[in-house]
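**Q** Pasting a structure below so you can have a look.
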Amino acid sequence: MAPSSSLQKRLMVTSVATLMVSMVVVLLLIWFVTDSSSSPVEVTITTGSDSNPPIDTTFVVGDVEGSIRLGYTELRWQLLRLGMIVLALMFAVAVVAAWLLNRRMFNRIGNITAVAETMDEHFLDARFEISAKNDEIDHMATAINAALDRLQGGFERQRMFVRSASHELRTPLTVARTALEIPLAEGRVEESLLPDIEQALVAQSRLEELLDALLTLSRGEATTLELVSLDVSLQRIVHEVQHRTNLPEITWHLDCEEVSATISRTSFEIAMSNLIANAAVHNVPAGWCSIGLHNLEDHIEITIENSGPTVDGDLLARISQPFVKHPGSPGVGLGLAIADQLVAAMGGEMNITARAEGGLRVVVMLPGA
């Protein structure tokens, strides 16, 4: 049921109640206006002659009074019947007209509500349709469209700043890392300074990882849609993660159906790459990773499990937040956060649960193919 249905019902009830009150008032007016009572009719007859004085005789004519009352009563009931028929027809016409007008108006409001419910920070391209009526609903839609234009511009400027800042910071960070690595490789660093240089290089690496994550997020927020073979993409991503992480002791299990969907290829591949790499890196020696892809009735389900360390409830509740990770694990703690945002941008949902034996079970649900 549309969100405006309750308001629509209230308006209909108000309209019907107003019509009923108007009918009752009109019928009462007809009743009282035609309520004319008659008085007894007195008839005076004068009799007499020239030799006799006149005699006045008064008679009360009851037949005339009854006839007049009967006429008024019949006229009143005829007017009442006619009034009730006319008002009943007016009531039916008014109810149908009110229902049609309300339906047209609330259909437009329902369309605005439906479009608004699909919007978030990733999808701000939709705009409300403006009709040629130039009424209050059109004015409201125009104002909301203008607000969406401002919001979209603000988000685009923010994303552009992240991309530009990441690119600009990459060059000085690379120069700084080179300035530390060259003297270290040539043995021109005093032994007492080696721990400090190594610590600086570790911090440098973390900054570079952070910049890579920000660039990845900005690229993944692109909304270009295309038909993607999800099973082929997942198999390629697993191969790339195996090569990149270089963990031959990890055993991989793939159970992927042939599924295609119209989504953002960049967003999908970045999200899956982060999740699969996270499952491989945050694991135990000689562990395993399992990836499943299934096309269900109303959505596509991707399951990623691993045999990693045990995750407690407090960490699990925050693990998809930025910079949250398992103590002592590699990375900067942005992999799951980026994946969560990109899955939401594709209109999906990501759920993370901890396995009792250790590791995580990540379930990604995307809109149906």
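Chain labels A, B, ... are given in the sequence in which chains occur in the structure tokens; within each chain residues are numbered consecutively from 1, and ligands are likewise numbered from 1 in the order shown.
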Which residues of range 136-186 of chain A come within 12 Å of range 99-106 of chain A, and for each one, what is the closest pair of atoms and their distance in Å to one decimal, counting only C-alpha atoms, sorted by chain and residue number, as a tab-separated table?

**A**
residue	atom	partner	partner_atom	distance
A:Glu136	CA	A:Met105	CA	10.4
A:Ile137	CA	A:Met105	CA	8.3
A:Asp138	CA	A:Met105	CA	10.9

**Q** Please provide as a VMD selection string all residues within 12 Å of Ala203 in chain A, with the sequence filter that same-chain residues fewer than 3 positions apart are discarded (counting only C-alpha atoms).

**A** chain A and resid 173 176 to 177 180 196 to 200 206 to 210 331 to 332

**Q** Could you give me, as a VMD selection string, each residue of range 193-249 of chain A that DSSP assigns to alpha helix (DSSP H) when run on this structure's backbone?

**A** chain A and resid 194 to 220 230 to 245

**Q** Please produce an output containing C-alpha atoms for each residue in the selection, written as a CSV table (one decimal), in the first residue's frame.

**A**
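Written out: result-v2.csv:
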chain,number,residue,atom,x,y,z
A,194,LEU,CA,68.1,1.3,11.2
A,195,PRO,CA,65.1,0.7,13.5
A,196,ASP,CA,63.8,4.2,12.9
A,197,ILE,CA,64.3,3.9,9.1
A,198,GLU,CA,62.4,0.6,9.0
A,199,GLN,CA,59.6,2.0,11.1
A,200,ALA,CA,59.4,5.0,8.8
A,201,LEU,CA,59.2,2.6,5.8
A,202,VAL,CA,56.4,0.6,7.5
A,203,ALA,CA,54.4,3.8,8.0
A,204,GLN,CA,55.2,4.8,4.4
A,205,SER,CA,53.7,1.5,3.2
A,206,ARG,CA,50.6,2.0,5.2
A,207,LEU,CA,50.1,5.5,3.8
A,208,GLU,CA,50.5,4.1,0.3
A,209,GLU,CA,47.9,1.3,1.0
A,210,LEU,CA,45.5,3.9,2.4
A,211,LEU,CA,45.9,6.0,-0.8
A,212,ASP,CA,45.3,2.9,-2.9
A,213,ALA,CA,42.2,2.2,-1.0
A,214,LEU,CA,40.8,5.7,-1.4
A,215,LEU,CA,41.5,5.6,-5.2
A,216,THR,CA,39.9,2.2,-5.4
A,217,LEU,CA,36.8,3.5,-3.6
A,218,SER,CA,36.5,6.5,-5.8
A,219,ARG,CA,36.8,4.3,-9.0
A,220,GLY,CA,34.3,1.8,-7.7
A,230,LEU,CA,29.5,-12.9,-12.5
A,231,ASP,CA,30.9,-16.5,-12.5
A,232,VAL,CA,33.6,-15.6,-15.0
A,233,SER,CA,34.5,-12.4,-13.1
A,234,LEU,CA,34.8,-14.4,-9.8
A,235,GLN,CA,37.0,-17.0,-11.3
A,236,ARG,CA,39.3,-14.4,-12.7
A,237,ILE,CA,39.4,-12.5,-9.4
A,238,VAL,CA,40.3,-15.7,-7.5
A,239,HIS,CA,43.2,-16.3,-9.9
A,240,GLU,CA,44.4,-12.7,-9.5
A,241,VAL,CA,44.2,-12.9,-5.7
A,242,GLN,CA,46.1,-16.2,-5.7
A,243,HIS,CA,48.9,-14.6,-7.7
A,244,ARG,CA,48.9,-11.4,-5.7
A,245,THR,CA,48.9,-12.8,-2.3

**Q** Which residues come within 9 Å of range 271-282 of chain A, counting only C-alpha atoms, excluding same-chain residues fewer than 6 positions away, as a short mmCIF file (atom, residue, chain, number, x, y, z; two decimals) with C-alpha atoms, in the first residue's frame?

**A**
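Done, and the output landed in result.cif:
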data_model
loop_
_atom_site.label_atom_id
_atom_site.label_comp_id
_atom_site.auth_asym_id
_atom_site.auth_seq_id
_atom_site.Cartn_x
_atom_site.Cartn_y
_atom_site.Cartn_z
CA GLY A 220 34.28 1.84 -7.67
CA LEU A 234 34.76 -14.38 -9.77
CA ILE A 237 39.40 -12.50 -9.39
CA VAL A 238 40.31 -15.68 -7.49
CA GLU A 240 44.42 -12.72 -9.49
CA VAL A 241 44.19 -12.91 -5.68
CA GLN A 242 46.13 -16.20 -5.68
CA ARG A 244 48.93 -11.36 -5.74
CA THR A 245 48.90 -12.84 -2.26
CA LEU A 247 49.77 -18.09 -0.53
CA ILE A 250 45.57 -21.92 0.93
CA TRP A 288 41.00 -22.71 3.04
CA CYS A 289 38.70 -20.27 1.25
CA SER A 290 35.30 -21.07 -0.23
CA ILE A 291 33.42 -18.97 -2.80
CA ILE A 304 32.73 -16.14 0.83
CA GLU A 305 34.04 -18.18 3.79
CA ASN A 306 37.48 -18.80 5.21
CA SER A 307 39.22 -20.63 8.05
CA GLY A 308 40.74 -17.57 9.66
CA PRO A 309 41.25 -16.68 13.31
CA HIS A 326 41.85 -7.98 13.63
CA SER A 329 46.62 -8.53 10.88
CA PRO A 330 48.03 -6.85 7.75
CA LEU A 334 39.48 -0.62 4.67
CA GLY A 335 38.83 -3.75 2.60
CA LEU A 336 35.50 -4.73 4.15
CA ILE A 338 35.01 -0.47 0.77
CA ALA A 339 33.25 -3.70 -0.18
CA ASP A 340 30.26 -2.82 1.99
CA GLN A 341 29.89 0.61 0.38
CA LEU A 342 30.24 -0.72 -3.15
CA VAL A 343 27.71 -3.51 -2.55
CA GLY A 359 37.11 -17.16 10.25
CA LEU A 360 34.22 -15.29 8.69
CA VAL A 362 30.37 -13.09 4.21
#

**Q** Fewer than 3 positions away in the same chain doesn't count, so skip those; otherwise give me all residues within 8 Å of range 311-318 of chain A, counting only C-alpha atoms, as a list in words.

**A**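 Here the answer would be Gln321, Val324, Lys325, His326, Ile352, Thr353, Ala354, Gly358, Gly359 and Leu360 of chain A.
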
**Q** Take the residues just selected and output them with C-alpha atoms as a PDB file, in the first residue's frame.

**A**
ATOM      1  CA  GLN A 321      33.733   0.036   9.623  1.00  0.00           C
ATOM      2  CA  VAL A 324      38.792  -1.692  11.962  1.00  0.00           C
ATOM      3  CA  LYS A 325      40.682  -4.979  11.643  1.00  0.00           C
ATOM      4  CA  HIS A 326      41.845  -7.984  13.633  1.00  0.00           C
ATOM      5  CA  ILE A 352      29.108 -10.793   7.956  1.00  0.00           C
ATOM      6  CA  THR A 353      28.981 -13.562  10.564  1.00  0.00           C
ATOM      7  CA  ALA A 354      31.725 -15.277  12.535  1.00  0.00           C
ATOM      8  CA  GLY A 358      37.244 -19.461  13.231  1.00  0.00           C
ATOM      9  CA  GLY A 359      37.114 -17.160  10.252  1.00  0.00           C
ATOM     10  CA  LEU A 360      34.220 -15.285   8.694  1.00  0.00           C
TER      11      LEU A 360
END
